[in-house]
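A.B. asks: Next comes the structure file query-v8.cif, holding mmCIF, C-alpha atoms.
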data_run
#
loop_
_atom_site.label_atom_id
_atom_site.label_comp_id
_atom_site.auth_asym_id
_atom_site.auth_seq_id
_atom_site.Cartn_x
_atom_site.Cartn_y
_atom_site.Cartn_z
CA MET A 213 -21.72 29.73 -20.89
CA THR A 214 -19.98 31.92 -23.44
CA PRO A 215 -19.12 30.71 -26.96
CA LYS A 216 -15.43 30.71 -25.96
CA THR A 217 -16.11 28.51 -22.94
CA THR A 218 -18.15 26.10 -25.04
CA THR A 219 -15.32 25.79 -27.54
CA THR A 220 -12.83 25.08 -24.76
CA VAL A 221 -14.91 22.33 -23.23
CA ALA A 222 -15.52 20.74 -26.60
CA ALA A 223 -11.86 20.94 -27.53
CA ILE A 224 -10.60 18.99 -24.57
CA ALA A 225 -13.49 16.52 -24.75
CA VAL A 226 -12.57 15.65 -28.33
CA ALA A 227 -9.00 14.93 -27.28
CA ALA A 228 -10.20 12.82 -24.37
CA ALA A 229 -12.28 10.69 -26.71
CA LEU A 230 -9.11 9.51 -28.43
CA SER A 231 -8.54 7.08 -25.61
CA ALA A 232 -11.88 6.16 -24.08
CA ALA A 233 -11.70 4.55 -20.69
CA ILE A 234 -11.85 0.78 -20.68
CA PRO A 235 -15.15 -0.28 -19.12
CA ALA A 236 -14.74 -1.54 -15.61
CA ASP A 237 -15.24 -5.26 -15.12
CA ALA A 238 -17.58 -6.50 -12.44
CA ALA A 239 -14.51 -7.37 -10.38
CA ASP A 240 -13.48 -3.70 -10.48
CA THR A 241 -16.74 -2.46 -8.97
CA ILE A 242 -16.07 -1.02 -5.55
CA PRO A 243 -17.57 -2.85 -2.57
CA GLN A 244 -20.53 -1.30 -0.81
CA ASN A 245 -18.59 -1.04 2.44
CA GLN A 246 -15.61 0.79 0.94
CA SER A 247 -14.96 3.97 2.93
CA VAL A 248 -13.71 6.20 0.13
CA LYS A 249 -16.16 6.49 -2.75
CA ASN A 250 -15.69 10.13 -3.76
CA VAL A 251 -13.13 11.51 -6.20
CA VAL A 252 -12.47 15.17 -7.02
CA LEU A 253 -10.45 15.91 -10.17
CA VAL A 254 -8.53 19.17 -10.62
CA HIS A 255 -7.20 20.15 -14.05
CA GLY A 256 -4.06 22.14 -14.80
CA ALA A 257 -3.21 25.18 -16.88
CA PHE A 258 -4.11 25.65 -20.55
CA ALA A 259 -7.00 23.15 -20.32
CA ASP A 260 -10.32 22.72 -18.55
CA GLY A 261 -12.05 19.99 -16.60
CA SER A 262 -13.57 18.18 -19.57
CA GLY A 263 -10.20 16.63 -20.31
CA TRP A 264 -10.91 14.28 -17.42
CA ARG A 265 -13.82 12.64 -19.31
CA GLY A 266 -12.08 9.30 -19.85
CA VAL A 267 -11.06 9.08 -16.18
CA TYR A 268 -14.55 10.14 -15.13
CA ASP A 269 -16.20 7.43 -17.26
CA ASN A 270 -13.89 4.73 -15.93
CA LEU A 271 -14.36 5.65 -12.27
CA THR A 272 -18.13 6.14 -12.41
CA LYS A 273 -18.48 2.69 -13.98
CA ARG A 274 -16.68 1.30 -10.96
CA GLY A 275 -19.15 3.01 -8.66
CA TYR A 276 -17.28 6.17 -7.65
CA ARG A 277 -18.93 9.56 -7.32
CA VAL A 278 -16.71 11.88 -9.34
CA THR A 279 -16.69 15.68 -9.26
CA ILE A 280 -14.67 17.80 -11.68
CA VAL A 281 -13.38 21.22 -10.66
CA GLN A 282 -13.38 24.02 -13.23
CA ASN A 283 -10.41 26.17 -12.23
CA PRO A 284 -10.64 29.83 -13.24
CA LEU A 285 -6.82 29.87 -13.52
CA THR A 286 -6.81 33.48 -12.36
CA SER A 287 -4.81 32.90 -9.15
CA LEU A 288 -3.82 30.13 -6.78
CA GLU A 289 -6.32 31.50 -4.28
CA ASP A 290 -9.16 31.36 -6.82
CA ASP A 291 -8.33 27.81 -7.92
CA VAL A 292 -8.06 26.61 -4.32
CA ALA A 293 -11.43 28.23 -3.59
CA ALA A 294 -12.99 26.42 -6.54
CA THR A 295 -11.59 23.12 -5.26
CA LYS A 296 -12.80 23.77 -1.74
CA ARG A 297 -16.30 24.40 -3.06
CA ALA A 298 -16.20 20.97 -4.70
CA LEU A 299 -14.93 19.36 -1.50
CA GLU A 300 -17.73 20.94 0.52
CA ARG A 301 -20.26 19.13 -1.68
CA GLN A 302 -18.87 15.67 -0.92
CA ASP A 303 -20.78 13.35 1.39
CA GLY A 304 -17.74 11.48 2.70
CA PRO A 305 -13.97 11.04 2.38
CA VAL A 306 -12.38 11.97 -0.94
CA ILE A 307 -9.41 11.16 -3.14
CA LEU A 308 -8.22 14.53 -4.47
CA VAL A 309 -6.47 14.40 -7.85
CA GLY A 310 -4.49 17.07 -9.69
CA HIS A 311 -2.82 17.28 -13.09
CA SER A 312 0.18 19.57 -13.64
CA TRP A 313 -0.67 22.97 -12.05
CA GLY A 314 -3.57 21.15 -10.42
CA GLY A 315 -0.96 19.48 -8.20
CA THR A 316 -0.16 22.83 -6.62
CA VAL A 317 -3.87 23.41 -6.10
CA ILE A 318 -4.50 20.07 -4.38
CA THR A 319 -1.39 20.53 -2.25
CA GLU A 320 -2.94 23.67 -0.76
CA ALA A 321 -6.59 22.59 -0.75
CA GLY A 322 -5.91 19.00 0.34
CA ILE A 323 -5.61 19.82 4.03
CA ASP A 324 -9.41 19.63 4.10
CA ALA A 325 -10.52 16.99 6.60
CA LYS A 326 -12.49 15.15 3.92
CA VAL A 327 -9.38 14.42 1.85
CA ALA A 328 -8.20 10.86 2.39
CA GLY A 329 -5.39 10.85 -0.16
CA LEU A 330 -3.77 12.79 -2.98
CA VAL A 331 -3.00 11.67 -6.53
CA TYR A 332 -0.53 13.71 -8.58
CA VAL A 333 -0.79 13.20 -12.35
CA SER A 334 2.48 14.55 -13.79
CA ALA A 335 1.84 17.27 -11.26
CA LEU A 336 3.60 19.89 -9.18
CA SER A 337 3.86 19.48 -5.41
CA PRO A 338 5.44 22.47 -3.64
CA ASP A 339 5.99 22.57 0.10
CA ALA A 340 4.49 25.14 2.44
CA GLY A 341 6.37 28.41 2.00
CA GLU A 342 7.48 27.50 -1.53
CA THR A 343 6.22 28.74 -4.87
CA THR A 344 5.39 26.67 -7.91
CA ALA A 345 8.18 28.41 -9.83
CA GLN A 346 10.76 27.21 -7.31
CA GLN A 347 10.07 23.59 -8.26
CA TYR A 348 11.85 24.13 -11.60
CA GLU A 349 15.09 25.35 -10.04
CA GLY A 350 18.07 23.10 -10.68
CA PHE A 351 16.38 21.08 -13.43
CA ALA A 352 16.73 21.14 -17.21
CA PRO A 353 14.44 23.63 -18.93
CA ALA A 354 11.48 22.28 -20.90
CA SER A 355 12.66 23.49 -24.31
CA GLU A 356 9.65 22.02 -26.14
CA PHE A 357 7.12 23.51 -23.72
CA VAL A 358 7.16 27.21 -24.49
CA ILE A 359 4.80 29.67 -22.81
CA GLU A 360 3.88 32.98 -24.40
CA THR A 361 2.66 35.73 -22.07
CA THR A 362 0.07 38.36 -22.92
CA ARG A 363 0.38 42.02 -21.98
CA ASP A 364 -1.91 41.46 -18.99
CA GLY A 365 0.18 38.58 -17.67
CA PHE A 366 -1.68 35.47 -18.83
CA GLY A 367 0.17 32.57 -20.40
CA TYR A 368 -0.59 30.31 -23.35
CA VAL A 369 1.46 27.41 -24.69
CA SER A 370 3.13 28.54 -27.92
CA PRO A 371 0.98 27.41 -30.88
CA GLU A 372 4.08 26.23 -32.73
CA LYS A 373 5.17 24.12 -29.75
CA PHE A 374 1.78 22.90 -28.53
CA LYS A 375 1.86 19.40 -30.01
CA ALA A 376 5.49 18.71 -29.14
CA GLY A 377 5.27 20.20 -25.67
CA PHE A 378 1.77 19.27 -24.49
CA ALA A 379 0.26 16.38 -26.44
CA HIS A 380 2.50 14.67 -28.97
CA ASP A 381 0.48 11.45 -28.63
CA VAL A 382 -2.73 13.12 -29.85
CA SER A 383 -3.72 13.41 -33.53
CA ASP A 384 -2.79 16.56 -35.43
CA ALA A 385 -6.44 17.52 -35.95
CA ASP A 386 -7.37 17.22 -32.30
CA VAL A 387 -4.17 18.88 -31.11
CA ALA A 388 -5.00 21.85 -33.35
CA PHE A 389 -8.42 22.13 -31.74
CA MET A 390 -6.94 21.88 -28.22
CA ARG A 391 -4.27 24.45 -29.08
CA ASP A 392 -6.81 26.97 -30.31
CA ALA A 393 -9.11 26.44 -27.32
CA GLN A 394 -6.52 26.91 -24.59
CA VAL A 395 -7.50 28.33 -21.21
CA PRO A 396 -4.74 30.79 -20.21
CA ILE A 397 -3.36 30.98 -16.69
CA ASN A 398 -2.39 34.09 -14.77
CA MET A 399 1.39 33.67 -14.67
CA SER A 400 1.61 35.42 -11.30
CA ALA A 401 0.08 32.29 -9.76
CA PHE A 402 3.41 30.49 -10.18
CA GLY A 403 5.00 33.01 -7.84
CA THR A 404 2.49 32.57 -5.01
CA LYS A 405 3.81 30.88 -1.86
CA LEU A 406 1.77 28.02 -0.48
CA GLU A 407 0.53 28.22 3.08
CA ASN A 408 -0.02 24.46 3.43
CA ALA A 409 1.34 21.21 2.02
CA ALA A 410 -1.29 18.50 2.33
CA TRP A 411 1.16 15.78 1.27
CA ARG A 412 2.91 16.17 4.62
CA THR A 413 -0.09 14.65 6.40
CA LYS A 414 -1.98 12.78 3.64
CA PRO A 415 -0.83 9.67 1.71
CA SER A 416 0.12 10.41 -1.88
CA TRP A 417 0.32 8.65 -5.24
CA ALA A 418 1.97 9.89 -8.44
CA VAL A 419 1.43 8.96 -12.08
CA ILE A 420 4.37 10.15 -14.18
CA ALA A 421 4.33 10.41 -17.97
CA THR A 422 7.74 9.25 -19.16
CA GLU A 423 7.48 11.33 -22.35
CA ASP A 424 6.29 14.48 -20.60
CA LYS A 425 7.90 17.52 -22.23
CA ALA A 426 6.43 20.09 -19.84
CA PHE A 427 8.76 19.00 -17.03
CA ASP A 428 12.22 17.50 -16.79
CA GLN A 429 11.82 13.82 -15.85
CA ALA A 430 14.27 14.30 -13.01
CA MET A 431 12.03 17.05 -11.66
CA LEU A 432 8.93 14.83 -11.73
CA ILE A 433 10.76 12.01 -9.97
CA HIS A 434 12.25 14.39 -7.41
CA MET A 435 8.88 15.84 -6.51
CA ALA A 436 7.20 12.44 -6.26
CA GLU A 437 9.98 11.01 -4.11
CA ARG A 438 10.04 14.04 -1.84
CA ILE A 439 6.38 13.61 -0.99
CA LYS A 440 6.91 9.84 -0.58
CA ALA A 441 4.33 9.08 -3.24
CA LYS A 442 3.67 5.60 -4.58
CA ILE A 443 4.85 6.06 -8.18
CA THR A 444 3.38 4.67 -11.40
CA LYS A 445 5.08 5.45 -14.72
CA VAL A 446 3.36 5.37 -18.10
CA SER A 447 4.55 6.10 -21.63
CA ALA A 448 2.61 9.25 -22.47
CA SER A 449 2.79 12.97 -23.08
CA HIS A 450 1.89 15.72 -20.63
CA ALA A 451 -1.72 15.10 -21.69
CA LEU A 452 -1.74 11.70 -19.94
CA PHE A 453 -4.85 12.67 -17.97
CA MET A 454 -6.65 12.45 -21.33
CA THR A 455 -4.63 9.83 -23.22
CA GLN A 456 -4.10 7.31 -20.38
CA PRO A 457 -7.42 7.36 -18.51
CA LYS A 458 -7.27 3.74 -17.36
CA VAL A 459 -3.81 4.06 -15.84
CA VAL A 460 -4.85 7.22 -14.04
CA ALA A 461 -8.17 5.71 -12.92
CA ASP A 462 -6.43 2.55 -11.68
CA THR A 463 -4.13 4.65 -9.51
CA ILE A 464 -7.04 6.62 -8.09
CA ASP A 465 -8.84 3.36 -7.37
CA GLN A 466 -5.73 2.02 -5.63
CA ALA A 467 -5.57 5.14 -3.49
CA ALA A 468 -9.24 4.84 -2.54
CA ARG A 469 -9.09 1.13 -1.77
CA SER A 470 -5.95 1.46 0.35
CA ASN A 471 -7.48 4.09 2.58
CA ARG A 472 -9.53 3.36 5.62
CA HIS A 473 -11.00 6.14 7.60
CA SER A 474 -11.77 6.47 11.25
CA GLY A 475 -14.67 8.61 12.35
CA PHE A 476 -15.22 10.98 9.40
CA PRO A 477 -14.36 13.82 9.31
CA ASN A 478 -11.52 13.00 11.68
CA ARG A 479 -8.13 11.67 10.73
CA LEU A 480 -7.85 9.55 7.58
CA ILE A 481 -5.29 6.76 7.57
CA ALA A 482 -3.70 4.90 4.68
CA ASP A 483 -3.05 1.19 4.95
CA SER A 484 0.58 0.27 4.58
#
Can the structure from this file be put into structure tokens for me?

C.D. replies:
Amino acid sequence: MTPKTTTTVAAIAVAAALSAAIPADAADTIPQNQSVKNVVLVHGAFADGSGWRGVYDNLTKRGYRVTIVQNPLTSLEDDVAATKRALERQDGPVILVGHSWGGTVITEAGIDAKVAGLVYVSALSPDAGETTAQQYEGFAPASEFVIETTRDGFGYVSPEKFKAGFAHDVSDADVAFMRDAQVPINMSAFGTKLENAAWRTKPSWAVIATEDKAFDQAMLIHMAERIKAKITKVSASHALFMTQPKVVADTIDQAARSNRHSGFPNRLIADS
């Protein structure tokens, strides 16, 4: 691990600690006979997987086996490959979760037979044949979420706009650390067409941050309704995967508990 990578992991972990997951009560512990006990978490752009720490702690206390993907953010293909590697390591059906850009990744990777359901955390959800960039068309621009692009095509959130656009509900000190430890994304990934849309065949849930400045609220609602997701709203910034771990974990738990599976790795069915 390079010094830069270490700094990035530490940066997001510090922010996650601001809102530690509420310990699961005994009543929240999953039953031994529950079919879906595995969760795979996929982070978005400008961050890394350690931002999921609060969600991880909450779910593992309930008895889930949680795996966190570390996306290279170099292309959609590379991020999907990283997610598929995580899915291959699971010993049973999985709830696949994505934040922001991670939603595009789980939409493509989620066709895996092990995936029982999808959870979108203020996340993108293109259809097959669409690009991520197309999802923004027709919606108000995110004026407080400004991306600066390097000469080699990688994007960072503008330092001056980072708190307002990404994490306004995080302390100034921790936002500064997150801002300076960003993981850039290859901007060409937003122009890559998806080959598959897992939400067309898998049940979906969506957690939407009502104070998210990275996306127009109408855009988030439109995407969630198009995929027929069960929607939960929470007052939070785009960093809700760090600042609202219990809400996110509760939704993942709901998705896992409402799924029953018939003859793994065959078709997975959601209870109505």

A.B. asks: Given the file above and the PyMOL selection byres ((chain A and resi 365-369) around 10), which residues are selected, and can you give them as a PyMOL selection string?

C.D. replies: chain A and resi 257-258+285-286+356-364+370-375+377-378+391-392+394-401

A.B. asks: Please produce an output containing C-alpha atoms for each residue in the selection, written as a PDB file, in the coordinates of the input.

C.D. replies:
ATOM      1  CA  ALA A 257      -3.210  25.180 -16.880  1.00  0.00           C
ATOM      2  CA  PHE A 258      -4.110  25.650 -20.550  1.00  0.00           C
ATOM      3  CA  LEU A 285      -6.820  29.870 -13.520  1.00  0.00           C
ATOM      4  CA  THR A 286      -6.810  33.480 -12.360  1.00  0.00           C
ATOM      5  CA  GLU A 356       9.650  22.020 -26.140  1.00  0.00           C
ATOM      6  CA  PHE A 357       7.120  23.510 -23.720  1.00  0.00           C
ATOM      7  CA  VAL A 358       7.160  27.210 -24.490  1.00  0.00           C
ATOM      8  CA  ILE A 359       4.800  29.670 -22.810  1.00  0.00           C
ATOM      9  CA  GLU A 360       3.880  32.980 -24.400  1.00  0.00           C
ATOM     10  CA  THR A 361       2.660  35.730 -22.070  1.00  0.00           C
ATOM     11  CA  THR A 362       0.070  38.360 -22.920  1.00  0.00           C
ATOM     12  CA  ARG A 363       0.380  42.020 -21.980  1.00  0.00           C
ATOM     13  CA  ASP A 364      -1.910  41.460 -18.990  1.00  0.00           C
ATOM     14  CA  SER A 370       3.130  28.540 -27.920  1.00  0.00           C
ATOM     15  CA  PRO A 371       0.980  27.410 -30.880  1.00  0.00           C
ATOM     16  CA  GLU A 372       4.080  26.230 -32.730  1.00  0.00           C
ATOM     17  CA  LYS A 373       5.170  24.120 -29.750  1.00  0.00           C
ATOM     18  CA  PHE A 374       1.780  22.900 -28.530  1.00  0.00           C
ATOM     19  CA  LYS A 375       1.860  19.400 -30.010  1.00  0.00           C
ATOM     20  CA  GLY A 377       5.270  20.200 -25.670  1.00  0.00           C
ATOM     21  CA  PHE A 378       1.770  19.270 -24.490  1.00  0.00           C
ATOM     22  CA  ARG A 391      -4.270  24.450 -29.080  1.00  0.00           C
ATOM     23  CA  ASP A 392      -6.810  26.970 -30.310  1.00  0.00           C
ATOM     24  CA  GLN A 394      -6.520  26.910 -24.590  1.00  0.00           C
ATOM     25  CA  VAL A 395      -7.500  28.330 -21.210  1.00  0.00           C
ATOM     26  CA  PRO A 396      -4.740  30.790 -20.210  1.00  0.00           C
ATOM     27  CA  ILE A 397      -3.360  30.980 -16.690  1.00  0.00           C
ATOM     28  CA  ASN A 398      -2.390  34.090 -14.770  1.00  0.00           C
ATOM     29  CA  MET A 399       1.390  33.670 -14.670  1.00  0.00           C
ATOM     30  CA  SER A 400       1.610  35.420 -11.300  1.00  0.00           C
ATOM     31  CA  ALA A 401       0.080  32.290  -9.760  1.00  0.00           C
TER      32      ALA A 401
END

A.B. asks: Could you spell out the hits of the PyMOL selection byres ((chain A and resi 343-346) around 9) on the shown file, as a ChimeraX atom specification?

C.D. replies: /A:313,316,336-342,347-349,401-406

A.B. asks: Quick one: everything within 9 Å of A:Ile464, counting all atoms listed in the file, minus sequence neighbours fewer than 2 positions away in the same chain. Send it as a ChimeraX atom specification.

C.D. replies: /A:251,271,307-309,330-331,417,459-462,466-469

A.B. asks: Can you tell me how far atom CA of A:Ala451 sits from atom CA of A:Ile280, in Å to one decimal?

C.D. replies: 16.6 Å

A.B. asks: Evaluate the PyMOL selection byres ((chain A and resi 301) around 12) here and jot the selected residues down as a PDB file with C-alpha atoms, in the coordinates of the input.

C.D. replies:
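result_36.pdb was written with the following content:
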ATOM      1  CA  ASN A 250     -15.690  10.130  -3.760  1.00  0.00           C
ATOM      2  CA  VAL A 251     -13.130  11.510  -6.200  1.00  0.00           C
ATOM      3  CA  VAL A 252     -12.470  15.170  -7.020  1.00  0.00           C
ATOM      4  CA  ARG A 277     -18.930   9.560  -7.320  1.00  0.00           C
ATOM      5  CA  VAL A 278     -16.710  11.880  -9.340  1.00  0.00           C
ATOM      6  CA  THR A 279     -16.690  15.680  -9.260  1.00  0.00           C
ATOM      7  CA  ILE A 280     -14.670  17.800 -11.680  1.00  0.00           C
ATOM      8  CA  VAL A 281     -13.380  21.220 -10.660  1.00  0.00           C
ATOM      9  CA  ALA A 294     -12.990  26.420  -6.540  1.00  0.00           C
ATOM     10  CA  THR A 295     -11.590  23.120  -5.260  1.00  0.00           C
ATOM     11  CA  LYS A 296     -12.800  23.770  -1.740  1.00  0.00           C
ATOM     12  CA  ARG A 297     -16.300  24.400  -3.060  1.00  0.00           C
ATOM     13  CA  ALA A 298     -16.200  20.970  -4.700  1.00  0.00           C
ATOM     14  CA  LEU A 299     -14.930  19.360  -1.500  1.00  0.00           C
ATOM     15  CA  GLU A 300     -17.730  20.940   0.520  1.00  0.00           C
ATOM     16  CA  GLN A 302     -18.870  15.670  -0.920  1.00  0.00           C
ATOM     17  CA  ASP A 303     -20.780  13.350   1.390  1.00  0.00           C
ATOM     18  CA  GLY A 304     -17.740  11.480   2.700  1.00  0.00           C
ATOM     19  CA  PRO A 305     -13.970  11.040   2.380  1.00  0.00           C
ATOM     20  CA  VAL A 306     -12.380  11.970  -0.940  1.00  0.00           C
ATOM     21  CA  LYS A 326     -12.490  15.150   3.920  1.00  0.00           C
TER      22      LYS A 326
END

A.B. asks: With only C-alpha atoms counted, which protein, DNA or RNA residues have an atom no more than 12 Å from (-17.6, 7.7, -13.9) in the file frame? Please answer as a ChimeraX atom specification.

C.D. replies: /A:232-236,241,249-253,264-280,457-458,461,465

A.B. asks: What does the structure give for the distance between atom CA of A:Arg438 and atom CA of A:Thr413, in Å to one decimal?

C.D. replies: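 Pair atom CA of A:Arg438 / atom CA of A:Thr413 returns 13.1 Å.
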
A.B. asks: Grab the atom CA of A:Ile443 to atom CA of A:Ala321 distance for me, in Å with one decimal place.

C.D. replies: 21.4 Å
